[in-house]
$ cat data-v7.txt   # compact mmCIF, C-alpha atoms
# COMPACT_ATOMS: atom_id res chain seq x y z
CA MET K 291 76.64 148.07 121.31
CA ILE K 292 79.09 147.40 124.10
CA THR K 293 80.24 150.92 123.24
CA VAL K 294 77.03 152.16 124.85
CA LEU K 295 77.96 150.54 128.15
CA LEU K 296 81.56 151.76 127.96
CA VAL K 297 80.34 155.30 127.34
CA MET K 298 78.04 154.99 130.35
CA ILE K 299 80.87 153.70 132.57
CA ALA K 300 83.02 156.65 131.44
CA GLY K 301 80.10 158.87 132.47
CA ILE K 302 79.88 157.23 135.90
CA ILE K 303 83.58 157.85 136.50
CA ALA K 304 83.19 161.47 135.39
CA GLY K 305 80.12 161.74 137.63
CA VAL K 306 82.02 160.67 140.74
CA PHE K 307 84.17 163.78 140.36
CA ILE K 308 81.24 166.19 140.29
CA HIS K 309 79.18 164.73 143.14
CA GLN K 310 79.88 167.80 145.28
CA LYS K 311 78.84 170.25 142.59
CA PRO K 312 75.05 170.51 142.79
CA LYS K 313 74.89 173.08 139.99
CA LEU K 314 76.58 170.71 137.57
CA ILE K 315 74.33 167.85 138.68
CA LYS K 316 71.30 170.00 138.02
CA LEU K 317 72.64 170.98 134.62
CA ASN K 318 73.27 167.31 133.89
CA ASP K 319 69.65 166.43 134.74
CA ARG K 320 68.44 169.12 132.36
CA LEU K 321 70.71 167.89 129.59
CA ILE K 322 69.43 164.33 130.09
CA SER K 323 65.85 165.56 129.68
CA LEU K 324 66.77 167.50 126.54
CA ALA K 325 68.65 164.52 125.06
CA ILE K 326 65.66 162.26 125.71
CA TYR K 327 63.28 164.80 124.11
CA LEU K 328 65.52 165.03 121.06
CA LEU K 329 65.94 161.28 120.70
CA LEU K 330 62.26 160.48 121.16
CA PHE K 331 61.46 163.20 118.62
CA LEU K 332 63.86 161.56 116.17
CA LEU K 333 62.41 158.13 116.95
CA GLY K 334 58.97 159.61 116.27
CA ILE K 335 60.16 160.82 112.88
CA SER K 336 61.57 157.39 111.97
CA VAL K 337 58.31 155.79 113.03
CA GLY K 338 56.23 158.29 111.06
CA LEU K 339 58.34 157.82 107.94
CA ASN K 340 58.11 154.03 108.20
CA LYS K 341 54.90 153.12 106.41
CA THR K 342 55.13 149.45 107.44
CA ILE K 343 55.08 150.44 111.08
CA ILE K 344 52.27 152.96 110.71
CA GLN K 345 50.13 150.38 108.89
CA ASN K 346 50.85 147.73 111.52
CA ILE K 347 50.68 149.89 114.61
CA GLY K 348 47.71 147.89 115.88
CA THR K 349 49.62 144.60 115.65
CA LEU K 350 52.70 146.12 117.29
CA GLY K 351 50.54 147.52 120.08
CA PHE K 352 48.94 144.13 120.62
CA GLN K 353 52.35 142.43 120.81
CA ALA K 354 53.48 145.10 123.26
CA LEU K 355 50.40 144.47 125.39
CA ILE K 356 51.05 140.71 125.55
CA ILE K 357 54.70 141.27 126.55
CA THR K 358 53.57 143.75 129.21
CA LEU K 359 51.06 141.31 130.66
CA GLY K 360 53.70 138.56 130.78
CA ALA K 361 56.25 140.87 132.39
CA ILE K 362 53.83 142.18 135.01
CA SER K 363 52.33 138.76 135.85
CA GLY K 364 55.78 137.26 136.35
CA SER K 365 56.97 140.18 138.47
CA VAL K 366 53.86 140.28 140.61
CA LEU K 367 53.97 136.53 141.27
CA MET K 368 57.66 136.67 142.21
CA SER K 369 57.01 139.69 144.45
CA TRP K 370 54.14 137.82 146.09
CA LEU K 371 56.39 134.84 146.76
CA ILE K 372 59.17 137.00 148.18
CA TRP K 373 56.70 138.92 150.32
CA ARG K 374 55.11 135.75 151.74
CA VAL K 375 58.41 134.04 152.48
CA LEU K 376 60.54 136.92 153.67
CA PHE K 377 58.56 139.99 154.57
CA ARG K 378 55.06 139.20 155.74
CA SER K 379 55.87 137.85 159.21
CA GLU K 380 58.38 140.54 159.96
CA GLN K 381 57.62 144.18 160.64
CA ILE K 382 59.80 146.21 158.35
CA ASN K 383 60.10 149.05 160.82
CA GLY K 384 63.69 147.93 161.34
CA LEU K 385 64.42 149.59 158.03
CA GLU K 386 63.48 152.96 159.32
CA ASP K 387 65.73 152.64 162.34
CA GLU K 388 68.63 152.26 160.00
CA GLU K 389 67.77 155.41 158.14
CA MET Y 78 56.63 163.63 141.57
CA GLY Y 79 54.36 165.98 139.66
CA LEU Y 80 57.40 167.16 137.78
CA LYS Y 81 58.21 163.63 136.68
CA MET Y 82 54.68 163.12 135.38
CA LYS Y 83 54.88 166.36 133.45
CA ASN Y 84 58.16 165.12 132.05
CA SER Y 85 56.56 161.92 130.77
CA LEU Y 86 53.90 163.91 128.96
CA ILE Y 87 56.49 166.19 127.34
CA ILE Y 88 58.47 163.13 126.21
CA LEU Y 89 55.38 161.61 124.62
CA ALA Y 90 54.49 164.94 123.01
CA PHE Y 91 57.93 165.10 121.36
CA PHE Y 92 57.48 161.56 120.10
CA ALA Y 93 53.98 162.30 118.78
CA VAL Y 94 55.02 165.50 117.00
CA GLY Y 95 57.99 163.68 115.43
CA MET Y 96 55.69 160.90 114.28
CA ALA Y 97 53.17 163.34 112.82
CA LEU Y 98 55.93 165.16 110.91
CA GLY Y 99 57.19 161.82 109.63
CA ILE Y 100 53.76 160.72 108.46
CA ILE Y 101 53.06 163.91 106.52
CA GLU Y 102 56.70 163.96 105.36
CA LYS Y 103 57.08 167.66 106.09
CA LEU Y 104 60.74 167.47 106.99
CA PRO Y 105 63.91 169.12 105.79
CA ASP Y 106 65.91 166.76 103.56
CA LEU Y 107 68.74 166.67 106.06
CA MET Y 108 66.53 165.12 108.74
CA MET Y 109 65.14 162.49 106.42
CA LYS Y 110 68.57 161.27 105.39
CA THR Y 111 71.03 161.68 108.23
CA ASP Y 112 71.03 159.32 111.13
CA PHE Y 113 72.56 161.25 113.96
CA SER Y 114 70.53 159.48 116.61
CA MET Y 115 73.46 157.10 117.29
CA PHE Y 116 75.68 159.96 118.47
CA ALA Y 117 72.85 161.51 120.43
CA LEU Y 118 72.32 158.15 122.12
CA TYR Y 119 75.98 157.94 123.10
CA GLY Y 120 75.73 161.46 124.46
CA LEU Y 121 72.64 160.51 126.44
CA MET Y 122 74.31 157.40 127.88
CA PHE Y 123 77.31 159.48 128.96
CA LEU Y 124 75.02 161.96 130.74
CA VAL Y 125 73.05 159.13 132.35
CA GLY Y 126 76.37 157.74 133.59
CA ILE Y 127 77.33 161.12 135.09
CA GLY Y 128 73.96 161.20 136.84
CA ILE Y 129 74.62 157.79 138.36
CA GLY Y 130 78.18 158.56 139.40
CA ALA Y 131 77.25 161.90 140.96
CA ASP Y 132 74.26 160.52 142.84
CA ARG Y 133 75.72 160.08 146.32
CA LYS Y 134 72.33 159.38 147.91
CA SER Y 135 71.60 156.26 145.86
CA TRP Y 136 74.92 154.71 146.77
CA LEU Y 137 74.43 155.53 150.44
CA VAL Y 138 70.93 154.05 150.47
CA MET Y 139 72.31 150.87 148.95
CA ARG Y 140 75.11 150.55 151.47
CA LYS Y 141 72.78 150.92 154.44
CA ILE Y 142 70.12 148.57 153.32
CA LYS Y 143 69.77 144.95 154.44
CA LEU Y 144 70.92 142.28 152.08
CA LYS Y 145 67.52 140.71 151.64
CA ILE Y 146 66.17 143.91 150.11
CA PHE Y 147 68.22 143.02 147.05
CA LEU Y 148 65.84 140.11 146.57
CA VAL Y 149 63.08 142.56 145.60
CA PRO Y 150 64.63 143.87 142.36
CA LEU Y 151 66.15 140.43 141.73
CA GLY Y 152 62.65 138.95 141.96
CA VAL Y 153 61.35 141.57 139.51
CA ILE Y 154 64.11 140.68 137.05
CA LEU Y 155 63.53 136.93 137.30
CA GLY Y 156 59.75 137.34 137.28
CA THR Y 157 59.84 139.62 134.23
CA LEU Y 158 62.17 137.32 132.28
CA ALA Y 159 60.15 134.21 133.21
CA GLY Y 160 56.80 135.89 132.52
CA THR Y 161 57.84 137.23 129.13
CA ALA Y 162 59.43 133.87 128.23
CA VAL Y 163 56.19 132.07 129.08
CA ILE Y 164 54.05 134.29 126.84
CA SER Y 165 56.58 134.29 123.99
CA PHE Y 166 54.73 131.48 122.16
CA LEU Y 167 51.81 133.90 121.70
CA ILE Y 168 53.98 136.12 119.50
CA PRO Y 169 55.50 133.88 116.82
CA GLU Y 170 56.61 136.98 114.83
CA LEU Y 171 59.25 137.82 117.46
CA ASN Y 172 62.00 135.59 118.79
CA LEU Y 173 62.60 134.96 122.46
CA LYS Y 174 65.59 137.28 122.63
CA GLU Y 175 63.58 140.23 121.31
CA ILE Y 176 60.70 139.57 123.70
CA LEU Y 177 63.03 139.30 126.70
CA ALA Y 178 64.78 142.55 125.72
CA VAL Y 179 61.48 144.44 125.53
CA GLY Y 180 60.56 143.10 128.98
CA ALA Y 181 63.96 144.12 130.35
CA GLY Y 182 62.97 147.77 129.90
CA PHE Y 183 61.10 147.36 133.24
CA GLY Y 184 58.95 150.37 132.38
CA TYR Y 185 61.89 152.68 131.62
CA TYR Y 186 60.44 153.35 128.20
CA SER Y 187 62.55 156.28 126.99
CA LEU Y 188 65.94 154.64 127.42
CA SER Y 189 64.95 151.06 126.61
CA SER Y 190 63.13 151.95 123.40
CA LEU Y 191 66.06 154.08 122.22
CA LEU Y 192 68.58 151.33 122.94
CA ILE Y 193 66.46 148.65 121.30
CA THR Y 194 65.86 150.85 118.23
CA GLU Y 195 69.61 151.29 117.87
CA ILE Y 196 70.39 147.59 118.27
CA SER Y 197 67.47 145.97 116.51
CA GLY Y 198 65.56 148.57 114.50
CA VAL Y 199 62.59 150.88 114.73
CA GLU Y 200 59.91 148.18 114.74
CA LEU Y 201 61.06 146.48 117.94
CA GLY Y 202 61.83 149.94 119.35
CA VAL Y 203 58.18 150.91 118.95
CA ILE Y 204 57.06 147.69 120.64
CA ALA Y 205 59.45 148.45 123.51
CA LEU Y 206 58.15 152.01 123.78
CA LEU Y 207 54.50 150.93 123.87
CA SER Y 208 55.05 147.94 126.14
CA ASN Y 209 57.01 149.89 128.74
CA ILE Y 210 54.56 152.78 128.73
CA MET Y 211 51.81 150.22 129.30
CA ARG Y 212 53.73 148.82 132.25
CA GLU Y 213 53.80 152.22 133.92
CA VAL Y 214 50.16 153.03 133.17
CA PHE Y 215 48.95 149.58 134.26
CA THR Y 216 50.86 149.93 137.54
CA LEU Y 217 49.32 153.34 138.22
CA LEU Y 218 45.84 151.93 137.67
CA ALA Y 219 46.12 148.44 139.16
CA THR Y 220 48.33 148.89 142.24
CA PRO Y 221 45.37 149.08 144.67
CA LEU Y 222 44.08 145.70 143.47
CA LEU Y 223 47.52 144.13 143.15
CA VAL Y 224 48.39 145.05 146.73
CA ARG Y 225 45.10 143.68 148.02
CA TYR Y 226 45.46 140.29 146.40
CA PHE Y 227 49.22 139.78 146.06
CA GLY Y 228 50.73 141.51 149.07
CA LYS Y 229 52.62 144.68 149.81
CA LEU Y 230 55.37 144.11 147.26
CA ALA Y 231 53.01 143.59 144.32
CA GLY Y 232 52.87 147.25 143.28
CA ILE Y 233 56.66 147.52 143.47
CA GLY Y 234 57.00 144.38 141.34
CA SER Y 235 54.59 145.60 138.73
CA ALA Y 236 56.23 149.04 138.64
CA GLY Y 237 59.72 147.76 137.79
CA ALA Y 238 62.12 150.65 137.27
CA THR Y 239 59.35 153.22 137.70
CA SER Y 240 58.90 152.43 141.42
CA MET Y 241 61.52 155.07 142.24
CA ASP Y 242 59.60 157.99 140.73
CA THR Y 243 56.42 158.00 138.63
CA THR Y 244 54.63 155.14 140.40
CA LEU Y 245 56.09 155.80 143.87
CA PRO Y 246 53.11 157.89 145.08
CA VAL Y 247 50.56 155.21 144.29
CA ILE Y 248 52.78 152.49 145.82
CA THR Y 249 53.31 154.50 149.00
CA ARG Y 250 49.61 155.17 149.24
CA PHE Y 251 48.45 151.56 148.92
CA SER Y 252 51.34 149.57 150.42
CA GLY Y 253 52.15 152.11 153.11
CA LYS Y 254 54.89 154.63 153.80
CA GLU Y 255 57.19 152.04 155.33
CA TRP Y 256 57.56 150.43 151.89
CA SER Y 257 58.71 153.58 150.13
CA ILE Y 258 62.42 152.99 150.81
CA ILE Y 259 62.21 149.50 149.34
CA SER Y 260 60.27 150.92 146.42
CA VAL Y 261 62.88 153.59 145.67
CA PHE Y 262 65.69 151.09 146.15
CA SER Y 263 64.19 148.51 143.78
CA GLY Y 264 63.53 151.22 141.18
CA ILE Y 265 67.10 152.51 141.37
CA VAL Y 266 68.63 149.04 140.96
CA LEU Y 267 66.37 148.22 138.00
CA THR Y 268 66.96 151.62 136.37
CA LEU Y 269 70.72 151.07 136.57
CA LEU Y 270 70.36 147.59 135.11
CA VAL Y 271 68.12 148.46 132.14
CA PRO Y 272 70.94 149.43 129.75
CA VAL Y 273 73.11 146.54 130.92
CA LEU Y 274 70.42 143.85 130.64
CA VAL Y 275 68.93 145.10 127.36
CA THR Y 276 72.36 145.20 125.72
CA PHE Y 277 73.42 141.82 127.04
CA ILE Y 278 70.18 140.08 126.09
CA MET Y 279 70.33 141.45 122.54
CA LYS Y 280 74.02 140.73 122.20
CA PHE Y 281 74.76 137.46 123.92
CA PHE Y 282 71.54 135.53 124.08

$ encode --input "data-v7.txt" --output "structure tokens"
Amino acid sequence: MITVLLVMIAGIIAGVFIHQKPKLIKLNDRLISLAIYLLLFLLGISVGLNKTIIQNIGTLGFQALIITLGAISGSVLMSWLIWRVLFRSEQINGLEDEE
Amino acid sequence: MGLKMKNSLIILAFFAVGMALGIIEKLPDLMMKTDFSMFALYGLMFLVGIGIGADRKSWLVMRKIKLKIFLVPLGVILGTLAGTAVISFLIPELNLKEILAVGAGFGYYSLSSLLITEISGVELGVIALLSNIMREVFTLLATPLLVRYFGKLAGIGSAGATSMDTTLPVITRFSGKEWSIISVFSGIVLTLLVPVLVTFIMKFF
């Protein structure tokens, strides 16, 4: 699976060379969308063919919901902490000056 | 923004049609037997890499921004990992590693579910898909309340990787325009880290 990351890094290096070619960047965005459509379509097929998953979709959905609630609660609490400690007192207009 | 939303719906439509075809088993033999999704995934990751490398604006935004802004996505990562670890005892069927990996999708459901399917199998991939879609939908619905009770960063935290695009409008609306740069920044950092974190959690944990 490290291959996945190596392939992505190769892509990043290739990408640096085309950053001044807006047409290629646009084409790349389109290809990404198409690749995602294709892969999600294929994932859909595997899911549909997998009777165990179809029968247990309720359980899987429930597990997904619990993970989501944990992930969001943790993130929101951390964001609250960071906001209270670091951001609340200070106006963040300074950010816009830097823009 | 509208375009991105339309995109999400198209993605889900492709998934749904695929699933329907799979259920009724109306597929050419070739599709039922060959697994070419691995190569398609590599292709996708290469294209995603090109997108990152070619995106001058993201790199410039990062260079300009104050150091403490990095604490926002870092907080989302730590909060997500801690939150999912805490609830893991509620799901005895999955081990901690799998639960953390699903959480590390940060709402980027297309890529994270594909990666997790490839590494771990379709079942966990489906959980990742559903969970990360829920994260985006929940953020769209709950941001007004989250911001009221948990401060201006709460919507950005809940949004995870989606704070750079699909949930940006609702965040900007309820936290205020001045937070949109932080929102985009946090979303970019998390989006970049999804493939890295998911792979590392599944591989080395």

$ atom_distance --input "data-v7.txt" --atom1 "atom CA of Y:Leu98" --atom2 "atom CA of K:Leu333"
11.3 Å

$ interface_residues --input "data-v7.txt" --of "chain Y" --to "chain K" --cutoff "6 Å" --atoms "all atoms listed in the file" --output "PyMOL selection string"
chain Y and resi 88+91-92+95-96+99-100+121-123+126-127+129-131+152-153+156-157+160-161+164+180+204+207-208+212+227-228+230-231+234-235

$ atom_distance --input "data-v7.txt" --atom1 "atom CA of Y:Pro272" --atom2 "atom CA of Y:Glu200"
18.7 Å

$ closest_residue --input "data-v7.txt" --among "Y:Trp256, Y:Phe166, Y:Tyr226, Y:Tyr119" --to "Y:Leu188" --atoms "all atoms listed in the file"
Y:Tyr119

$ atom_distance --input "data-v7.txt" --atom1 "atom CA of Y:Val179" --atom2 "atom CA of Y:Thr276"
10.9 Å

$ axis_aligned_box --input "data-v7.txt" --around "stretch 333-347 of chain K" --padding-each-side "5 Å" --output "AutoDock Vina command-line options"
--center_x 56.3 --center_y 154.3 --center_z 111.7 --size_x 22.3 --size_y 23.1 --size_z 20.5

$ residues_around --input "data-v7.txt" --residues "Y:Phe183" --least-positions-apart "2" --cutoff "8 Å" --atoms "only C-alpha atoms" --output "list in words"
Thr157, Gly180, Ala181, Tyr185, Tyr186, Asn209, Arg212, Ala236, Gly237, Ala238, Thr239, Leu267, Thr268 and Val271 of chain Y

$ closest_residue --input "data-v7.txt" --among "Y:Ile101, Y:Val224, Y:Val214, Y:Met115" --to "Y:Ser252" --atoms "all atoms listed in the file"
Y:Val224

$ closest_residue --input "data-v7.txt" --among "Y:Gly202, Y:Pro150, Y:Gly264, Y:Pro221" --to "Y:Glu175" --atoms "all atoms listed in the file"
Y:Gly202
